[in-house]
>>> print(open('target05.pdb').read())   # PDB, C-alpha atoms
ATOM      1  CA  MET A   1       0.000   0.000   0.000
ATOM      2  CA  GLN A   2       2.832   2.363   0.838
ATOM      3  CA  ILE A   3       4.408   1.946  -2.602
ATOM      4  CA  LEU A   4       1.042   2.416  -4.318
ATOM      5  CA  VAL A   5       0.713   6.072  -3.248
ATOM      6  CA  PRO A   6       3.983   7.275  -4.895
ATOM      7  CA  ILE A   7       3.150   5.314  -8.060
ATOM      8  CA  LEU A   8      -0.314   6.878  -8.140
ATOM      9  CA  VAL A   9       1.190  10.367  -7.661
ATOM     10  CA  LEU A  10       3.690   9.715 -10.468
ATOM     11  CA  VAL A  11       0.926   8.551 -12.819
ATOM     12  CA  ILE A  12      -1.128  11.657 -11.984
ATOM     13  CA  VAL A  13       1.885  13.933 -12.643
ATOM     14  CA  ILE A  14       2.587  12.196 -15.961
ATOM     15  CA  PHE A  15      -1.028  12.548 -17.105
ATOM     16  CA  ALA A  16      -1.116  16.158 -15.944
ATOM     17  CA  TYR A  17       1.986  16.905 -18.021
ATOM     18  CA  ILE A  18       0.510  15.132 -21.061
ATOM     19  CA  PHE A  19      -2.624  17.282 -20.797
ATOM     20  CA  TYR A  20      -0.511  20.430 -20.352
ATOM     21  CA  ALA A  21       1.771  19.588 -23.299
ATOM     22  CA  TYR A  22      -1.113  18.707 -25.603
ATOM     23  CA  ASN A  23      -2.945  21.929 -24.734
ATOM     24  CA  ARG A  24       0.230  23.995 -25.174
ATOM     25  CA  LEU A  25       0.936  22.441 -28.577
ATOM     26  CA  THR A  26      -2.660  23.032 -29.627
ATOM     27  CA  GLN A  27      -2.457  26.660 -28.493
ATOM     28  CA  LEU A  28       0.805  27.252 -30.392
ATOM     29  CA  ARG A  29      -0.585  25.625 -33.541
ATOM     30  CA  ASN A  30      -3.724  27.785 -33.333
ATOM     31  CA  VAL A  31      -1.672  30.960 -32.912
ATOM     32  CA  CYS A  32       0.453  29.936 -35.932
ATOM     33  CA  GLU A  33      -2.688  29.455 -37.997
ATOM     34  CA  ALA A  34      -4.036  32.835 -36.852
ATOM     35  CA  GLU A  35      -0.783  34.617 -37.760
ATOM     36  CA  LEU A  36      -0.762  32.881 -41.133
ATOM     37  CA  ALA A  37      -4.349  34.015 -41.700
ATOM     38  CA  HIS A  38      -3.253  37.605 -40.913
ATOM     39  CA  VAL A  39      -0.515  37.277 -43.536
ATOM     40  CA  ASP A  40      -3.066  36.011 -46.070
ATOM     41  CA  VAL A  41      -5.373  38.958 -45.339
ATOM     42  CA  LEU A  42      -2.515  41.416 -45.833
ATOM     43  CA  LEU A  43      -1.456  39.738 -49.081
ATOM     44  CA  LYS A  44      -5.053  40.029 -50.317
ATOM     45  CA  LYS A  45      -5.117  43.688 -49.281
ATOM     46  CA  ARG A  46      -1.859  44.286 -51.165
ATOM     47  CA  HIS A  47      -3.234  42.476 -54.216
ATOM     48  CA  ASP A  48      -6.340  44.682 -54.073
ATOM     49  CA  LEU A  49      -4.263  47.895 -53.893
ATOM     50  CA  ILE A  50      -2.197  47.124 -56.976
ATOM     51  CA  PRO A  51      -4.954  47.573 -59.626
ATOM     52  CA  ASN A  52      -5.800  50.972 -58.101
ATOM     53  CA  LEU A  53      -2.143  51.956 -58.205
ATOM     54  CA  ILE A  54      -1.900  50.835 -61.840
ATOM     55  CA  GLU A  55      -4.962  52.901 -62.786
ATOM     56  CA  VAL A  56      -3.538  56.037 -61.167
ATOM     57  CA  VAL A  57      -0.184  55.535 -62.879
ATOM     58  CA  LYS A  58      -1.887  54.899 -66.255
ATOM     59  CA  GLY A  59      -3.389  58.363 -66.098
ATOM     60  CA  TYR A  60       0.041  59.985 -65.910
ATOM     61  CA  THR A  61       2.278  57.625 -67.875
ATOM     62  CA  SER A  62       1.235  56.767 -71.387
ATOM     63  CA  HIS A  63       4.688  55.413 -72.350
ATOM     64  CA  GLU A  64       5.040  52.870 -69.541
ATOM     65  CA  GLN A  65       2.512  50.282 -70.732
ATOM     66  CA  GLU A  66       5.054  47.428 -70.571
ATOM     67  CA  VAL A  67       5.816  48.103 -66.883
ATOM     68  CA  LEU A  68       2.113  48.166 -66.036
ATOM     69  CA  GLU A  69       1.456  44.938 -67.922
ATOM     70  CA  ARG A  70       4.311  43.163 -66.106
ATOM     71  CA  VAL A  71       2.879  44.261 -62.755
ATOM     72  CA  SER A  72      -0.589  43.035 -63.750
ATOM     73  CA  LEU A  73       0.829  39.666 -64.826
ATOM     74  CA  ALA A  74       2.873  39.357 -61.615
ATOM     75  CA  ARG A  75      -0.255  40.143 -59.567
ATOM     76  CA  ALA A  76      -2.262  37.499 -61.441
ATOM     77  CA  GLU A  77       0.501  34.948 -60.859
ATOM     78  CA  ALA A  78       0.655  35.815 -57.146
ATOM     79  CA  LEU A  79      -3.104  35.415 -56.827
ATOM     80  CA  LYS A  80      -2.954  31.992 -58.509
ATOM     81  CA  SER A  81      -0.082  30.786 -56.337
ATOM     82  CA  SER A  82      -1.858  31.482 -53.013
ATOM     83  CA  GLY A  83       0.999  33.157 -51.172
ATOM     84  CA  ASP A  84       3.955  31.371 -52.803
ATOM     85  CA  SER A  85       7.038  33.293 -51.707
ATOM     86  CA  SER A  86       8.691  33.424 -55.153
ATOM     87  CA  SER A  87       5.601  34.885 -56.838
ATOM     88  CA  GLU A  88       5.134  37.351 -53.973
ATOM     89  CA  THR A  89       8.782  38.401 -54.299
ATOM     90  CA  SER A  90       8.317  38.888 -58.033
ATOM     91  CA  LEU A  91       5.200  40.966 -57.408
ATOM     92  CA  SER A  92       7.059  43.113 -54.874
ATOM     93  CA  SER A  93       9.856  43.841 -57.326
ATOM     94  CA  HIS A  94       7.358  44.783 -60.036
ATOM     95  CA  VAL A  95       5.490  47.097 -57.660
ATOM     96  CA  LYS A  96       8.811  48.782 -56.877
ATOM     97  CA  SER A  97       9.179  49.500 -60.598
ATOM     98  CA  ILE A  98       5.823  51.315 -60.557
ATOM     99  CA  LEU A  99       6.824  53.292 -57.494
ATOM    100  CA  ALA A 100      10.086  54.237 -59.240
ATOM    101  CA  LEU A 101       8.059  55.873 -62.036
ATOM    102  CA  ARG A 102       7.146  58.692 -59.676
ATOM    103  CA  GLU A 103      10.644  60.109 -60.158
ATOM    104  CA  GLN A 104      10.208  60.312 -63.935
ATOM    105  CA  TYR A 105       6.764  61.915 -63.790
ATOM    106  CA  PRO A 106       6.518  64.953 -61.473
ATOM    107  CA  ASP A 107       2.736  65.138 -61.950
ATOM    108  CA  LEU A 108       2.445  61.558 -60.688
ATOM    109  CA  LYS A 109       4.681  62.384 -57.736
ATOM    110  CA  ALA A 110       2.300  65.234 -56.813
ATOM    111  CA  SER A 111      -0.894  63.190 -57.251
ATOM    112  CA  GLU A 112      -2.786  62.806 -53.983
ATOM    113  CA  ASP A 113      -4.281  59.509 -55.144
ATOM    114  CA  PHE A 114      -0.832  58.118 -55.926
ATOM    115  CA  LEU A 115       0.614  59.354 -52.625
ATOM    116  CA  HIS A 116      -2.325  57.869 -50.705
ATOM    117  CA  LEU A 117      -1.987  54.488 -52.441
ATOM    118  CA  GLN A 118       1.793  54.546 -51.986
ATOM    119  CA  THR A 119       1.423  55.232 -48.256
ATOM    120  CA  GLU A 120      -1.208  52.529 -47.925
ATOM    121  CA  LEU A 121       1.019  50.067 -49.774
ATOM    122  CA  PHE A 122       3.981  50.904 -47.528
ATOM    123  CA  ASP A 123       1.755  50.416 -44.469
ATOM    124  CA  VAL A 124       0.599  47.026 -45.747
ATOM    125  CA  GLU A 125       4.203  46.005 -46.433
ATOM    126  CA  ASP A 126       5.214  47.020 -42.905
ATOM    127  CA  GLU A 127       2.292  45.086 -41.385
ATOM    128  CA  LEU A 128       3.123  42.116 -43.584
ATOM    129  CA  ALA A 129       6.732  42.106 -42.398
ATOM    130  CA  GLU A 130       5.566  42.340 -38.778
ATOM    131  CA  LYS A 131       3.072  39.475 -39.157
ATOM    132  CA  ARG A 132       5.677  37.295 -40.860
ATOM    133  CA  PHE A 133       8.050  38.060 -37.985
ATOM    134  CA  ASN A 134       5.342  37.195 -35.423
ATOM    135  CA  TYR A 135       4.514  33.994 -37.283
ATOM    136  CA  ASN A 136       8.165  32.943 -37.243
ATOM    137  CA  ASP A 137       8.372  33.635 -33.489
ATOM    138  CA  VAL A 138       5.371  31.425 -32.775
ATOM    139  CA  VAL A 139       6.610  28.701 -35.141
ATOM    140  CA  LYS A 140       9.955  28.759 -33.332
ATOM    141  CA  ALA A 141       8.223  28.313 -29.954
ATOM    142  CA  HIS A 142       6.101  25.492 -31.397
ATOM    143  CA  ASN A 143       9.085  23.746 -32.986
ATOM    144  CA  ASP A 144      11.150  24.111 -29.796
ATOM    145  CA  PHE A 145       8.359  22.452 -27.817
ATOM    146  CA  VAL A 146       8.051  19.661 -30.404
ATOM    147  CA  LEU A 147      11.820  19.011 -30.395
ATOM    148  CA  LYS A 148      12.607  19.222 -26.668
ATOM    149  CA  PHE A 149      12.143  16.453 -24.146
ATOM    150  CA  PRO A 150       9.574  15.636 -22.734
ATOM    151  CA  GLY A 151       7.394  17.660 -25.102
ATOM    152  CA  ASN A 152       8.694  15.657 -28.052
ATOM    153  CA  VAL A 153       7.234  12.485 -26.532
ATOM    154  CA  VAL A 154       3.774  14.034 -26.292
ATOM    155  CA  ALA A 155       4.122  15.609 -29.761
ATOM    156  CA  GLY A 156       5.058  12.235 -31.214
ATOM    157  CA  MET A 157       2.129  10.483 -29.517
ATOM    158  CA  THR A 158      -0.394  13.099 -30.633
ATOM    159  CA  GLY A 159       0.873  13.734 -34.185
ATOM    160  CA  PHE A 160       2.229  17.277 -33.831
ATOM    161  CA  ALA A 161       4.940  17.958 -36.423
ATOM    162  CA  LEU A 162       7.427  20.742 -37.069
ATOM    163  CA  LEU A 163       6.077  23.812 -38.861
ATOM    164  CA  ASP A 164       7.822  25.725 -41.640
ATOM    165  CA  LEU A 165       9.175  29.226 -41.126
ATOM    166  CA  PHE A 166       8.736  32.069 -43.591
ATOM    167  CA  GLU A 167      11.968  32.145 -45.545
ATOM    168  CA  PHE A 168      13.748  35.297 -46.672
ATOM    169  CA  THR A 169      13.449  35.437 -50.465
ATOM    170  CA  GLY A 170      15.140  38.746 -51.216
ATOM    171  CA  SER A 171      18.711  39.595 -51.976
ATOM    172  CA  ARG A 172      21.276  39.230 -49.222
ATOM    173  CA  GLU A 173      23.535  41.785 -50.892
ATOM    174  CA  ALA A 174      23.710  45.373 -49.728
ATOM    175  CA  PRO A 175      21.706  47.769 -51.905
ATOM    176  CA  LYS A 176      23.606  49.790 -54.492
ATOM    177  CA  LEU A 177      23.395  53.484 -53.742
ATOM    178  CA  ASN A 178      22.766  55.946 -56.541
ATOM    179  CA  LEU A 179      23.817  59.359 -55.309
ATOM    180  CA  VAL A 180      22.745  61.320 -58.388
ATOM    181  CA  PRO A 181      20.604  64.248 -57.207
ATOM    182  CA  GLY A 182      16.904  63.872 -57.965
ATOM    183  CA  GLU A 183      17.014  60.108 -58.512
ATOM    184  CA  GLU A 184      15.722  57.425 -56.206
ATOM    185  CA  VAL A 185      18.105  55.300 -54.157
ATOM    186  CA  VAL A 186      18.014  51.909 -55.887
ATOM    187  CA  GLY A 187      17.348  48.904 -53.678
ATOM    188  CA  MET A 188      16.039  50.819 -50.677
ATOM    189  CA  THR A 189      12.440  50.110 -49.720
ATOM    190  CA  HIS A 190      10.185  51.178 -46.923
ATOM    191  CA  GLY A 191       8.584  47.806 -46.117
ATOM    192  CA  THR A 192      10.981  44.865 -46.039
ATOM    193  CA  ASP A 193      10.970  41.433 -44.418
ATOM    194  CA  ARG A 194      12.643  41.212 -41.070
TER
END
>>> encode(input="target05.pdb", output="structure tokens")
Amino acid sequence: MQILVPILVLVIVIFAYIFYAYNRLTQLRNVCEAELAHVDVLLKKRHDLIPNLIEVVKGYTSHEQEVLERVSLARAEALKSSGDSSSETSLSSHVKSILALREQYPDLKASEDFLHLQTELFDVEDELAEKRFNYNDVVKAHNDFVLKFPGNVVAGMTGFALLDLFEFTGSREAPKLNLVPGEEVVGMTHGTDR
């Protein structure tokens, strides 16, 4: 009887930890899914801003049809790929080419519609970078719990697997500076991934 009490306490502690670990893993997975949903919402918002930006630019730039068509095609590809990082990176680079047109067209640079859309796009890019950063933080906590003992035992028993991080898809090289007065600094953007 005396040995039965410590065994019973040990069994209770083990089951309590299993319940804790399962609930913690479930909570981390749910937060990851919520952060990923935030990223999807922001990508949709960015995709919705781009046609408006193209329309404003069309009104001021009659000679830049090729640039506008490339942006439209990149947007269509990004919409089809459902958040694929390479298509989103391509879209971002094409949007930068539209934003660079403001230097060639002073009327566009002074347009309130263009400035409003540009500011909104920068805000979305900043939020997107923040949400990707938050997602990676939560994924790291989840993956740490899945990999470390004794959480890995519970994760293995209940089917929790490692989650993928958002990967950096941009250039790792320093931007080239163009110090010619009146021209934009090439490679510098307002909203970048962290």
>>> atom_distance(input="target05.pdb", atom1="CA of Leu42 (chain A)", atom2="CA of Leu79 (chain A)")
12.5 Å
>>> atom_distance(input="target05.pdb", atom1="CA of Gln118 (chain A)", atom2="CA of Leu43 (chain A)")
15.4 Å
>>> resolve_selection(input="target05.pdb", expression="the PyMOL selection byres ((chain A and resi 90) around 10)", output="MDAnalysis selection string")
chainID A and resid 70:71 74:75 77:78 85:89 91:96 169:170
>>> write_last_selection(input="target05.pdb", atoms="C-alpha atoms", output="compact mmCIF listing (two decimals), keeping the file's coordinate frame")
# COMPACT_ATOMS: atom_id res chain seq x y z
CA ARG A 70 4.31 43.16 -66.11
CA VAL A 71 2.88 44.26 -62.76
CA ALA A 74 2.87 39.36 -61.62
CA ARG A 75 -0.26 40.14 -59.57
CA GLU A 77 0.50 34.95 -60.86
CA ALA A 78 0.66 35.82 -57.15
CA SER A 85 7.04 33.29 -51.71
CA SER A 86 8.69 33.42 -55.15
CA SER A 87 5.60 34.88 -56.84
CA GLU A 88 5.13 37.35 -53.97
CA THR A 89 8.78 38.40 -54.30
CA LEU A 91 5.20 40.97 -57.41
CA SER A 92 7.06 43.11 -54.87
CA SER A 93 9.86 43.84 -57.33
CA HIS A 94 7.36 44.78 -60.04
CA VAL A 95 5.49 47.10 -57.66
CA LYS A 96 8.81 48.78 -56.88
CA THR A 169 13.45 35.44 -50.46
CA GLY A 170 15.14 38.75 -51.22
>>> closest_residue(input="target05.pdb", among="A:Val139, A:Ile12, A:Ala155, A:Leu147", to="Ala34 (chain A)", atoms="all atoms listed in the file")
A:Val139
>>> closest_residue(input="target05.pdb", among="A:Val57, A:Ile18, A:Pro150, A:Leu49", to="Ala100 (chain A)", atoms="all atoms listed in the file")
A:Val57
>>> closest_residue(input="target05.pdb", among="A:Lys80, A:Arg102, A:Lys140, A:Arg46", to="Leu28 (chain A)", atoms="all atoms listed in the file")
A:Lys140
>>> axis_aligned_box(input="target05.pdb", around="region 90-104 of chain A", padding_each_side="5 Å", output="JSON")
{"center_x": 7.9, "center_y": 49.6, "center_z": -59.4, "size_x": 15.4, "size_y": 31.4, "size_z": 19.1}
>>> atom_distance(input="target05.pdb", atom1="CA of Glu55 (chain A)", atom2="CA of Asp113 (chain A)")
10.1 Å
>>> residues_near_point(input="target05.pdb", point="(-2.3, 16.4, -34.4)", cutoff="10 Å", atoms="all atoms listed in the file", output="tab-separated table (two decimals) with C-alpha atoms, in the coordinates of the input")
chain	number	residue	atom	x	y	z
A	22	TYR	CA	-1.11	18.71	-25.60
A	25	LEU	CA	0.94	22.44	-28.58
A	26	THR	CA	-2.66	23.03	-29.63
A	29	ARG	CA	-0.58	25.62	-33.54
A	155	ALA	CA	4.12	15.61	-29.76
A	156	GLY	CA	5.06	12.24	-31.21
A	157	MET	CA	2.13	10.48	-29.52
A	158	THR	CA	-0.39	13.10	-30.63
A	159	GLY	CA	0.87	13.73	-34.18
A	160	PHE	CA	2.23	17.28	-33.83
A	161	ALA	CA	4.94	17.96	-36.42
>>> resolve_selection(input="target05.pdb", expression="the PyMOL selection byres ((chain A and resi 121) around 9)", output="mmCIF file with C-alpha atoms, in the coordinates of the input")
data_model
loop_
_atom_site.group_PDB
_atom_site.id
_atom_site.type_symbol
_atom_site.label_atom_id
_atom_site.label_comp_id
_atom_site.auth_asym_id
_atom_site.auth_seq_id
_atom_site.Cartn_x
_atom_site.Cartn_y
_atom_site.Cartn_z
ATOM 1 C CA LYS A 45 -5.117 43.688 -49.281
ATOM 2 C CA ARG A 46 -1.859 44.286 -51.165
ATOM 3 C CA LEU A 49 -4.263 47.895 -53.893
ATOM 4 C CA ILE A 50 -2.197 47.124 -56.976
ATOM 5 C CA HIS A 116 -2.325 57.869 -50.705
ATOM 6 C CA LEU A 117 -1.987 54.488 -52.441
ATOM 7 C CA GLN A 118 1.793 54.546 -51.986
ATOM 8 C CA THR A 119 1.423 55.232 -48.256
ATOM 9 C CA GLU A 120 -1.208 52.529 -47.925
ATOM 10 C CA PHE A 122 3.981 50.904 -47.528
ATOM 11 C CA ASP A 123 1.755 50.416 -44.469
ATOM 12 C CA VAL A 124 0.599 47.026 -45.747
ATOM 13 C CA GLU A 125 4.203 46.005 -46.433
ATOM 14 C CA ASP A 126 5.214 47.020 -42.905
ATOM 15 C CA GLY A 191 8.584 47.806 -46.117
#
>>> closest_residue(input="target05.pdb", among="A:Asn30, A:Ser97, A:Ser81, A:Asn23", to="Leu53 (chain A)", atoms="all atoms listed in the file")
A:Ser97
>>> closest_residue(input="target05.pdb", among="A:Leu68, A:Val5, A:Leu165, A:Val13", to="Ala141 (chain A)", atoms="only C-alpha atoms")
A:Leu165
